[in-house]
file my_file-v9.cif (mmCIF, C-alpha atoms, pLDDT in the B column; chains and numbers go by the auth columns)
data_entry
#
loop_
_atom_site.group_PDB
_atom_site.id
_atom_site.type_symbol
_atom_site.label_atom_id
_atom_site.label_comp_id
_atom_site.label_asym_id
_atom_site.label_seq_id
_atom_site.Cartn_x
_atom_site.Cartn_y
_atom_site.Cartn_z
_atom_site.B_iso_or_equiv
_atom_site.auth_seq_id
_atom_site.auth_asym_id
ATOM 1 C CA MET A 1 -25.937 -33.191 -0.451 48.00 1 A
ATOM 2 C CA LEU A 2 -22.209 -32.766 -1.001 47.00 2 A
ATOM 3 C CA GLY A 3 -20.636 -29.412 -0.389 50.00 3 A
ATOM 4 C CA LEU A 4 -17.407 -28.718 -2.278 48.00 4 A
ATOM 5 C CA ALA A 5 -16.918 -25.142 -1.186 50.00 5 A
ATOM 6 C CA GLY A 6 -13.678 -24.538 0.633 50.00 6 A
ATOM 7 C CA CYS A 7 -12.139 -27.709 -0.731 50.00 7 A
ATOM 8 C CA GLY A 8 -8.686 -26.174 -0.368 52.00 8 A
ATOM 9 C CA SER A 9 -7.209 -27.417 -3.642 50.00 9 A
ATOM 10 C CA SER A 10 -4.061 -25.502 -4.504 53.00 10 A
ATOM 11 C CA VAL A 11 -3.839 -26.667 -8.134 57.00 11 A
ATOM 12 C CA ALA A 12 -4.481 -23.675 -10.353 53.00 12 A
ATOM 13 C CA ALA A 13 -5.839 -24.049 -13.848 52.00 13 A
ATOM 14 C CA PRO A 14 -3.336 -23.006 -16.502 58.00 14 A
ATOM 15 C CA THR A 15 -3.916 -19.458 -17.608 64.00 15 A
ATOM 16 C CA GLN A 16 -4.529 -18.761 -21.262 68.00 16 A
ATOM 17 C CA PRO A 17 -2.745 -15.824 -22.861 70.00 17 A
ATOM 18 C CA THR A 18 -5.011 -12.852 -23.470 78.00 18 A
ATOM 19 C CA THR A 19 -2.658 -10.713 -25.549 91.00 19 A
ATOM 20 C CA LEU A 20 -2.887 -11.063 -29.309 95.00 20 A
ATOM 21 C CA PRO A 21 0.384 -11.740 -31.112 95.00 21 A
ATOM 22 C CA THR A 22 1.607 -8.987 -33.412 96.00 22 A
ATOM 23 C CA ASN A 23 2.172 -9.560 -37.106 96.00 23 A
ATOM 24 C CA GLN A 24 5.889 -9.186 -36.380 96.00 24 A
ATOM 25 C CA GLU A 25 5.711 -12.023 -33.834 96.00 25 A
ATOM 26 C CA VAL A 26 3.963 -14.265 -36.355 97.00 26 A
ATOM 27 C CA THR A 27 6.544 -13.397 -39.021 96.00 27 A
ATOM 28 C CA GLY A 28 9.225 -14.324 -36.493 97.00 28 A
ATOM 29 C CA LEU A 29 7.766 -17.838 -36.325 98.00 29 A
ATOM 30 C CA PHE A 30 8.741 -18.386 -39.960 98.00 30 A
ATOM 31 C CA ASP A 31 12.214 -17.037 -39.218 97.00 31 A
ATOM 32 C CA ARG A 32 12.549 -19.492 -36.323 98.00 32 A
ATOM 33 C CA TRP A 33 11.407 -22.376 -38.571 98.00 33 A
ATOM 34 C CA ASN A 34 13.805 -21.283 -41.323 97.00 34 A
ATOM 35 C CA GLN A 35 16.670 -21.159 -38.791 98.00 35 A
ATOM 36 C CA SER A 36 15.871 -24.740 -37.781 98.00 36 A
ATOM 37 C CA LEU A 37 16.195 -25.730 -41.460 97.00 37 A
ATOM 38 C CA ALA A 38 19.681 -24.188 -41.471 97.00 38 A
ATOM 39 C CA THR A 39 20.790 -26.596 -38.733 97.00 39 A
ATOM 40 C CA GLY A 40 20.383 -29.523 -41.133 97.00 40 A
ATOM 41 C CA ASN A 41 18.795 -31.497 -38.294 98.00 41 A
ATOM 42 C CA PRO A 42 15.330 -32.901 -39.145 98.00 42 A
ATOM 43 C CA GLU A 43 14.577 -33.499 -35.450 98.00 43 A
ATOM 44 C CA LEU A 44 15.044 -29.794 -34.688 98.00 44 A
ATOM 45 C CA VAL A 45 12.777 -28.871 -37.590 98.00 45 A
ATOM 46 C CA ALA A 46 10.140 -31.331 -36.347 98.00 46 A
ATOM 47 C CA ASP A 47 10.339 -29.660 -32.915 98.00 47 A
ATOM 48 C CA ARG A 48 8.646 -26.634 -34.522 98.00 48 A
ATOM 49 C CA TYR A 49 5.539 -28.769 -35.195 98.00 49 A
ATOM 50 C CA ALA A 50 2.832 -29.831 -32.740 98.00 50 A
ATOM 51 C CA ALA A 51 2.586 -33.554 -31.987 95.00 51 A
ATOM 52 C CA ASP A 52 -0.602 -33.797 -34.065 96.00 52 A
ATOM 53 C CA ALA A 53 0.510 -31.429 -36.854 98.00 53 A
ATOM 54 C CA VAL A 54 -0.214 -32.063 -40.519 98.00 54 A
ATOM 55 C CA LEU A 55 2.389 -31.248 -43.176 98.00 55 A
ATOM 56 C CA LEU A 56 1.451 -31.135 -46.863 97.00 56 A
ATOM 57 C CA PRO A 57 4.967 -30.706 -48.264 94.00 57 A
ATOM 58 C CA THR A 58 6.135 -29.144 -51.509 89.00 58 A
ATOM 59 C CA VAL A 59 8.254 -31.983 -52.871 85.00 59 A
ATOM 60 C CA SER A 60 6.379 -35.067 -51.690 89.00 60 A
ATOM 61 C CA ASN A 61 2.982 -36.519 -52.503 92.00 61 A
ATOM 62 C CA GLU A 62 2.639 -37.989 -48.999 95.00 62 A
ATOM 63 C CA VAL A 63 0.653 -36.251 -46.284 97.00 63 A
ATOM 64 C CA ARG A 64 2.769 -36.178 -43.115 98.00 64 A
ATOM 65 C CA SER A 65 0.597 -36.404 -40.004 97.00 65 A
ATOM 66 C CA ASP A 66 2.904 -37.458 -37.192 97.00 66 A
ATOM 67 C CA ARG A 67 6.366 -36.611 -35.956 97.00 67 A
ATOM 68 C CA ALA A 68 8.093 -39.606 -37.547 97.00 68 A
ATOM 69 C CA GLU A 69 6.646 -38.743 -40.973 97.00 69 A
ATOM 70 C CA ILE A 70 7.605 -35.071 -40.583 98.00 70 A
ATOM 71 C CA VAL A 71 11.153 -36.020 -39.570 98.00 71 A
ATOM 72 C CA ASP A 72 11.350 -38.369 -42.568 97.00 72 A
ATOM 73 C CA TYR A 73 10.305 -35.605 -44.962 97.00 73 A
ATOM 74 C CA PHE A 74 12.838 -33.136 -43.603 97.00 74 A
ATOM 75 C CA ASP A 75 15.544 -35.805 -43.491 96.00 75 A
ATOM 76 C CA HIS A 76 15.351 -35.844 -47.298 94.00 76 A
ATOM 77 C CA PHE A 77 14.478 -32.179 -47.899 95.00 77 A
ATOM 78 C CA LEU A 78 17.414 -30.944 -45.810 96.00 78 A
ATOM 79 C CA GLU A 79 19.845 -32.753 -48.130 95.00 79 A
ATOM 80 C CA ASN A 80 19.236 -29.802 -50.491 94.00 80 A
ATOM 81 C CA LYS A 81 20.368 -27.241 -47.872 95.00 81 A
ATOM 82 C CA PRO A 82 17.155 -25.187 -48.181 95.00 82 A
ATOM 83 C CA GLN A 83 17.138 -21.483 -47.397 95.00 83 A
ATOM 84 C CA GLY A 84 13.681 -19.924 -47.323 96.00 84 A
ATOM 85 C CA GLN A 85 12.642 -16.356 -47.985 97.00 85 A
ATOM 86 C CA ILE A 86 9.127 -14.943 -47.706 97.00 86 A
ATOM 87 C CA LEU A 87 8.065 -13.161 -50.898 97.00 87 A
ATOM 88 C CA GLU A 88 4.518 -12.231 -49.861 97.00 88 A
ATOM 89 C CA SER A 89 2.830 -12.739 -46.511 97.00 89 A
ATOM 90 C CA HIS A 90 -0.763 -12.344 -45.329 98.00 90 A
ATOM 91 C CA ILE A 91 -1.148 -12.792 -41.580 98.00 91 A
ATOM 92 C CA LYS A 92 -4.446 -13.330 -39.828 98.00 92 A
ATOM 93 C CA VAL A 93 -4.416 -13.415 -36.041 98.00 93 A
ATOM 94 C CA LEU A 94 -7.377 -15.515 -34.900 97.00 94 A
ATOM 95 C CA GLY A 95 -6.896 -15.017 -31.176 96.00 95 A
ATOM 96 C CA PRO A 96 -4.267 -15.006 -28.437 96.00 96 A
ATOM 97 C CA THR A 97 -3.269 -18.599 -29.229 96.00 97 A
ATOM 98 C CA ASP A 98 -3.944 -18.970 -32.967 97.00 98 A
ATOM 99 C CA ALA A 99 -2.602 -17.343 -36.126 98.00 99 A
ATOM 100 C CA ILE A 100 -2.337 -18.059 -39.835 98.00 100 A
ATOM 101 C CA ASP A 101 0.380 -16.911 -42.210 98.00 101 A
ATOM 102 C CA ALA A 102 -0.264 -17.545 -45.909 98.00 102 A
ATOM 103 C CA GLY A 103 1.570 -16.324 -48.983 98.00 103 A
ATOM 104 C CA THR A 104 4.489 -17.204 -51.189 97.00 104 A
ATOM 105 C CA TYR A 105 8.083 -18.071 -50.452 97.00 105 A
ATOM 106 C CA ARG A 106 11.239 -18.918 -52.346 96.00 106 A
ATOM 107 C CA PHE A 107 13.670 -21.639 -51.465 94.00 107 A
ATOM 108 C CA THR A 108 17.254 -21.672 -52.594 95.00 108 A
ATOM 109 C CA LEU A 109 18.303 -25.311 -52.830 95.00 109 A
ATOM 110 C CA THR A 110 21.828 -26.627 -53.341 94.00 110 A
ATOM 111 C CA THR A 111 22.301 -30.053 -54.902 89.00 111 A
ATOM 112 C CA ASP A 112 25.743 -31.299 -55.966 90.00 112 A
ATOM 113 C CA GLY A 113 27.094 -27.763 -55.622 91.00 113 A
ATOM 114 C CA GLN A 114 24.469 -26.328 -57.976 95.00 114 A
ATOM 115 C CA GLN A 115 21.962 -23.788 -56.685 96.00 115 A
ATOM 116 C CA ARG A 116 18.408 -23.452 -57.913 94.00 116 A
ATOM 117 C CA THR A 117 15.345 -21.671 -56.623 94.00 117 A
ATOM 118 C CA VAL A 118 11.825 -22.954 -56.164 92.00 118 A
ATOM 119 C CA ASP A 119 8.902 -20.602 -55.605 94.00 119 A
ATOM 120 C CA ALA A 120 5.956 -22.010 -53.685 95.00 120 A
ATOM 121 C CA ARG A 121 2.737 -21.038 -51.978 97.00 121 A
ATOM 122 C CA TYR A 122 2.460 -21.699 -48.258 98.00 122 A
ATOM 123 C CA THR A 123 0.077 -21.688 -45.347 98.00 123 A
ATOM 124 C CA PHE A 124 1.280 -22.024 -41.770 98.00 124 A
ATOM 125 C CA VAL A 125 -1.311 -22.401 -39.027 98.00 125 A
ATOM 126 C CA TYR A 126 0.231 -21.720 -35.620 98.00 126 A
ATOM 127 C CA GLU A 127 -1.053 -22.481 -32.150 98.00 127 A
ATOM 128 C CA ARG A 128 0.436 -21.336 -28.861 96.00 128 A
ATOM 129 C CA VAL A 129 0.803 -24.391 -26.641 90.00 129 A
ATOM 130 C CA ASP A 130 2.212 -23.889 -23.131 88.00 130 A
ATOM 131 C CA ASP A 131 3.719 -20.527 -24.136 88.00 131 A
ATOM 132 C CA GLU A 132 5.395 -21.955 -27.236 95.00 132 A
ATOM 133 C CA TRP A 133 4.173 -21.310 -30.760 97.00 133 A
ATOM 134 C CA LEU A 134 3.966 -24.530 -32.792 98.00 134 A
ATOM 135 C CA ILE A 135 2.941 -25.301 -36.349 98.00 135 A
ATOM 136 C CA VAL A 136 -0.293 -27.310 -36.381 98.00 136 A
ATOM 137 C CA ASN A 137 -0.800 -27.259 -40.145 98.00 137 A
ATOM 138 C CA HIS A 138 1.694 -26.482 -42.909 98.00 138 A
ATOM 139 C CA HIS A 139 0.765 -26.601 -46.564 98.00 139 A
ATOM 140 C CA SER A 140 3.296 -25.864 -49.272 97.00 140 A
ATOM 141 C CA SER A 141 2.883 -26.268 -53.016 95.00 141 A
ATOM 142 C CA ALA A 142 5.036 -25.292 -55.962 90.00 142 A
ATOM 143 C CA MET A 143 3.799 -22.347 -57.993 90.00 143 A
ATOM 144 C CA PRO A 144 1.827 -23.561 -61.021 85.00 144 A
ATOM 145 C CA GLU A 145 3.358 -20.920 -63.310 76.00 145 A
ATOM 146 C CA PRO A 146 6.789 -19.300 -63.543 68.00 146 A
ATOM 147 C CA ALA A 147 7.094 -15.988 -61.671 59.00 147 A
ATOM 148 C CA GLY A 148 5.702 -13.024 -63.587 58.00 148 A
ATOM 149 C CA GLN A 149 3.048 -14.993 -65.478 55.00 149 A
ATOM 150 C CA SER A 150 -0.634 -15.178 -64.666 53.00 150 A
#

call {"tool": "encode", "arguments": {"input": "my_file-v9.cif", "output": "structure tokens"}}
result
Amino acid sequence: MLGLAGCGSSVAAPTQPTTLPTNQEVTGLFDRWNQSLATGNPELVADRYAADAVLLPTVSNEVRSDRAEIVDYFDHFLENKPQGQILESHIKVLGPTDAIDAGTYRFTLTTDGQQRTVDARYTFVYERVDDEWLIVNHHSSAMPEPAGQS
């Protein structure tokens, strides 16, 4: 019979957060993502996503399921100098390490000096990994009807 008591191992298991994020903290995750868009650097935007994240983007039919594909999407999307603004947000905190933010947002895009806006629906699923909040799933789709119609 093997006895493992008193083994003396000094490696501690990582502690999981026990405090739930506030809605304000979750809202701040969008702000952080939006600020990374403003850099114009697709690598910095991709840093906001987990390694195994899935992106269902607004202006592409391709599902992006790894970092290289996410960088590729933002490489093209950032050409339009996007600036995002939340129009309506519904946050659901699932636990200390998981939260969902779903709603609508508006992007101001600039192409050849001309500005236009695009309204879209979004869902961000966030997970806290090693004390950093990352996007694990991001779905964005253009609104099916112009604003004000239903």

call {"tool": "closest_residue", "arguments": {"input": "my_file-v9.cif", "among": "A:Arg67, A:Arg121, A:His138, A:Arg128", "to": "Pro42 (chain A)", "atoms": "only C-alpha atoms"}}
result
A:Arg67

call {"tool": "atom_distance", "arguments": {"input": "my_file-v9.cif", "atom1": "CA of Lys81 (chain A)", "atom2": "CA of Asn61 (chain A)"}}
result
20.2 Å

call {"tool": "residues_around", "arguments": {"input": "my_file-v9.cif", "residues": "region 77-80 of chain A", "least_positions_apart": "2", "cutoff": "7 Å", "atoms": "only C-alpha atoms", "output": "ChimeraX atom specification"}}
result
/A:37,40,73-75,82,109-111

call {"tool": "closest_residue", "arguments": {"input": "my_file-v9.cif", "among": "A:Thr104, A:Asn41, A:Thr97, A:Thr19", "to": "Ile70 (chain A)", "atoms": "all atoms listed in the file"}}
result
A:Asn41

call {"tool": "residues_around", "arguments": {"input": "my_file-v9.cif", "residues": "Thr18 (chain A)", "least_positions_apart": "2", "cutoff": "12 Å", "atoms": "only C-alpha atoms", "output": "list in words"}}
result
Thr15, Gln16, Leu20, Pro21, Leu94, Gly95, Pro96, Thr97, Asp98, Arg128 and Asp131 of chain A

call {"tool": "closest_residue", "arguments": {"input": "my_file-v9.cif", "among": "A:Ser141, A:Ser65, A:Thr123, A:Gln35", "to": "Tyr49 (chain A)", "atoms": "all atoms listed in the file"}}
result
A:Ser65

call {"tool": "resolve_selection", "arguments": {"input": "my_file-v9.cif", "expression": "the PyMOL selection byres ((chain A and resi 30) around 10)", "output": "list in words"}}
result
Glu25, Val26, Thr27, Gly28, Leu29, Asp31, Arg32, Trp33, Asn34, Gln35, Ser36, Arg48, Gly84, Gln85, Ile86, Asp101, Phe124 and Ile135 of chain A

call {"tool": "atom_distance", "arguments": {"input": "my_file-v9.cif", "atom1": "CA of His90 (chain A)", "atom2": "CA of Val63 (chain A)"}}
result
24.0 Å

call {"tool": "atom_distance", "arguments": {"input": "my_file-v9.cif", "atom1": "CA of Val125 (chain A)", "atom2": "CA of Glu62 (chain A)"}}
result
18.9 Å

call {"tool": "resolve_selection", "arguments": {"input": "my_file-v9.cif", "expression": "the PyMOL selection byres ((chain A and resi 115-119) around 7)", "output": "list in words"}}
result
Tyr105, Arg106, Phe107, Thr108, Leu109, Thr110, Thr111, Gly113, Gln114, Ala120, Ala142 and Met143 of chain A

call {"tool": "residues_near_point", "arguments": {"input": "my_file-v9.cif", "point": "(0.7, -31.0, -33.9)", "cutoff": "10 Å", "atoms": "all atoms listed in the file", "output": "JSON, numbers by chain"}}
result
{"A": [46, 47, 48, 49, 50, 51, 52, 53, 54, 55, 65, 66, 67, 126, 127, 129, 134, 135, 136, 137]}

call {"tool": "build_atoms", "arguments": {"input": "my_file-v9.cif", "residues": "region 108-130 of chain A", "atoms": "N, CA, C and O atoms", "output": "mmCIF file, in the frame of the given file"}}
result
data_model
loop_
_atom_site.group_PDB
_atom_site.id
_atom_site.type_symbol
_atom_site.label_atom_id
_atom_site.label_comp_id
_atom_site.auth_asym_id
_atom_site.auth_seq_id
_atom_site.Cartn_x
_atom_site.Cartn_y
_atom_site.Cartn_z
ATOM 1 N N THR A 108 16.016 -21.425 -51.874
ATOM 2 C CA THR A 108 17.254 -21.672 -52.594
ATOM 3 C C THR A 108 17.720 -23.045 -52.143
ATOM 4 O O THR A 108 17.870 -23.305 -50.945
ATOM 5 N N LEU A 109 17.894 -23.936 -53.104
ATOM 6 C CA LEU A 109 18.303 -25.311 -52.830
ATOM 7 C C LEU A 109 19.665 -25.548 -53.478
ATOM 8 O O LEU A 109 19.925 -25.060 -54.575
ATOM 9 N N THR A 110 20.509 -26.312 -52.814
ATOM 10 C CA THR A 110 21.828 -26.627 -53.341
ATOM 11 C C THR A 110 21.963 -28.141 -53.433
ATOM 12 O O THR A 110 21.885 -28.848 -52.425
ATOM 13 N N THR A 111 22.137 -28.618 -54.654
ATOM 14 C CA THR A 111 22.301 -30.053 -54.902
ATOM 15 C C THR A 111 23.563 -30.232 -55.749
ATOM 16 O O THR A 111 23.686 -29.622 -56.810
ATOM 17 N N ASP A 112 24.476 -31.049 -55.263
ATOM 18 C CA ASP A 112 25.743 -31.299 -55.966
ATOM 19 C C ASP A 112 26.442 -29.990 -56.330
ATOM 20 O O ASP A 112 26.975 -29.843 -57.432
ATOM 21 N N GLY A 113 26.415 -29.029 -55.412
ATOM 22 C CA GLY A 113 27.094 -27.763 -55.622
ATOM 23 C C GLY A 113 26.351 -26.780 -56.519
ATOM 24 O O GLY A 113 26.809 -25.660 -56.709
ATOM 25 N N GLN A 114 25.245 -27.191 -57.082
ATOM 26 C CA GLN A 114 24.469 -26.328 -57.976
ATOM 27 C C GLN A 114 23.271 -25.755 -57.236
ATOM 28 O O GLN A 114 22.512 -26.504 -56.602
ATOM 29 N N GLN A 115 23.097 -24.439 -57.325
ATOM 30 C CA GLN A 115 21.962 -23.788 -56.685
ATOM 31 C C GLN A 115 20.821 -23.610 -57.668
ATOM 32 O O GLN A 115 21.046 -23.352 -58.856
ATOM 33 N N ARG A 116 19.610 -23.744 -57.141
ATOM 34 C CA ARG A 116 18.408 -23.452 -57.913
ATOM 35 C C ARG A 116 17.381 -22.887 -56.942
ATOM 36 O O ARG A 116 17.502 -23.060 -55.731
ATOM 37 N N THR A 117 16.402 -22.202 -57.476
ATOM 38 C CA THR A 117 15.345 -21.671 -56.623
ATOM 39 C C THR A 117 14.016 -22.306 -56.989
ATOM 40 O O THR A 117 13.781 -22.673 -58.152
ATOM 41 N N VAL A 118 13.180 -22.436 -55.985
ATOM 42 C CA VAL A 118 11.825 -22.954 -56.164
ATOM 43 C C VAL A 118 10.882 -21.993 -55.453
ATOM 44 O O VAL A 118 11.056 -21.721 -54.262
ATOM 45 N N ASP A 119 9.926 -21.456 -56.192
ATOM 46 C CA ASP A 119 8.902 -20.602 -55.605
ATOM 47 C C ASP A 119 7.696 -21.465 -55.275
ATOM 48 O O ASP A 119 7.328 -22.361 -56.050
ATOM 49 N N ALA A 120 7.093 -21.202 -54.127
ATOM 50 C CA ALA A 120 5.956 -22.010 -53.685
ATOM 51 C C ALA A 120 4.970 -21.143 -52.908
ATOM 52 O O ALA A 120 5.309 -20.066 -52.425
ATOM 53 N N ARG A 121 3.755 -21.642 -52.831
ATOM 54 C CA ARG A 121 2.737 -21.038 -51.978
ATOM 55 C C ARG A 121 2.789 -21.761 -50.646
ATOM 56 O O ARG A 121 3.143 -22.941 -50.586
ATOM 57 N N TYR A 122 2.428 -21.063 -49.570
ATOM 58 C CA TYR A 122 2.460 -21.699 -48.258
ATOM 59 C C TYR A 122 1.295 -21.224 -47.413
ATOM 60 O O TYR A 122 0.756 -20.139 -47.604
ATOM 61 N N THR A 123 0.958 -22.055 -46.454
ATOM 62 C CA THR A 123 0.077 -21.688 -45.347
ATOM 63 C C THR A 123 0.644 -22.345 -44.101
ATOM 64 O O THR A 123 0.881 -23.556 -44.088
ATOM 65 N N PHE A 124 0.906 -21.536 -43.090
ATOM 66 C CA PHE A 124 1.280 -22.024 -41.770
ATOM 67 C C PHE A 124 0.136 -21.670 -40.828
ATOM 68 O O PHE A 124 -0.275 -20.510 -40.765
ATOM 69 N N VAL A 125 -0.355 -22.651 -40.098
ATOM 70 C CA VAL A 125 -1.311 -22.401 -39.027
ATOM 71 C C VAL A 125 -0.563 -22.668 -37.729
ATOM 72 O O VAL A 125 -0.008 -23.755 -37.535
ATOM 73 N N TYR A 126 -0.514 -21.654 -36.874
ATOM 74 C CA TYR A 126 0.231 -21.720 -35.620
ATOM 75 C C TYR A 126 -0.729 -21.755 -34.432
ATOM 76 O O TYR A 126 -1.785 -21.127 -34.463
ATOM 77 N N GLU A 127 -0.308 -22.464 -33.406
ATOM 78 C CA GLU A 127 -1.053 -22.481 -32.150
ATOM 79 C C GLU A 127 -0.056 -22.332 -31.002
ATOM 80 O O GLU A 127 1.002 -22.976 -31.007
ATOM 81 N N ARG A 128 -0.415 -21.491 -30.048
ATOM 82 C CA ARG A 128 0.436 -21.336 -28.861
ATOM 83 C C ARG A 128 0.050 -22.416 -27.869
ATOM 84 O O ARG A 128 -1.081 -22.482 -27.408
ATOM 85 N N VAL A 129 1.012 -23.278 -27.560
ATOM 86 C CA VAL A 129 0.803 -24.391 -26.641
ATOM 87 C C VAL A 129 1.806 -24.233 -25.507
ATOM 88 O O VAL A 129 3.013 -24.257 -25.750
ATOM 89 N N ASP A 130 1.321 -24.068 -24.291
ATOM 90 C CA ASP A 130 2.212 -23.889 -23.131
ATOM 91 C C ASP A 130 3.268 -22.819 -23.391
ATOM 92 O O ASP A 130 4.461 -23.032 -23.197
#
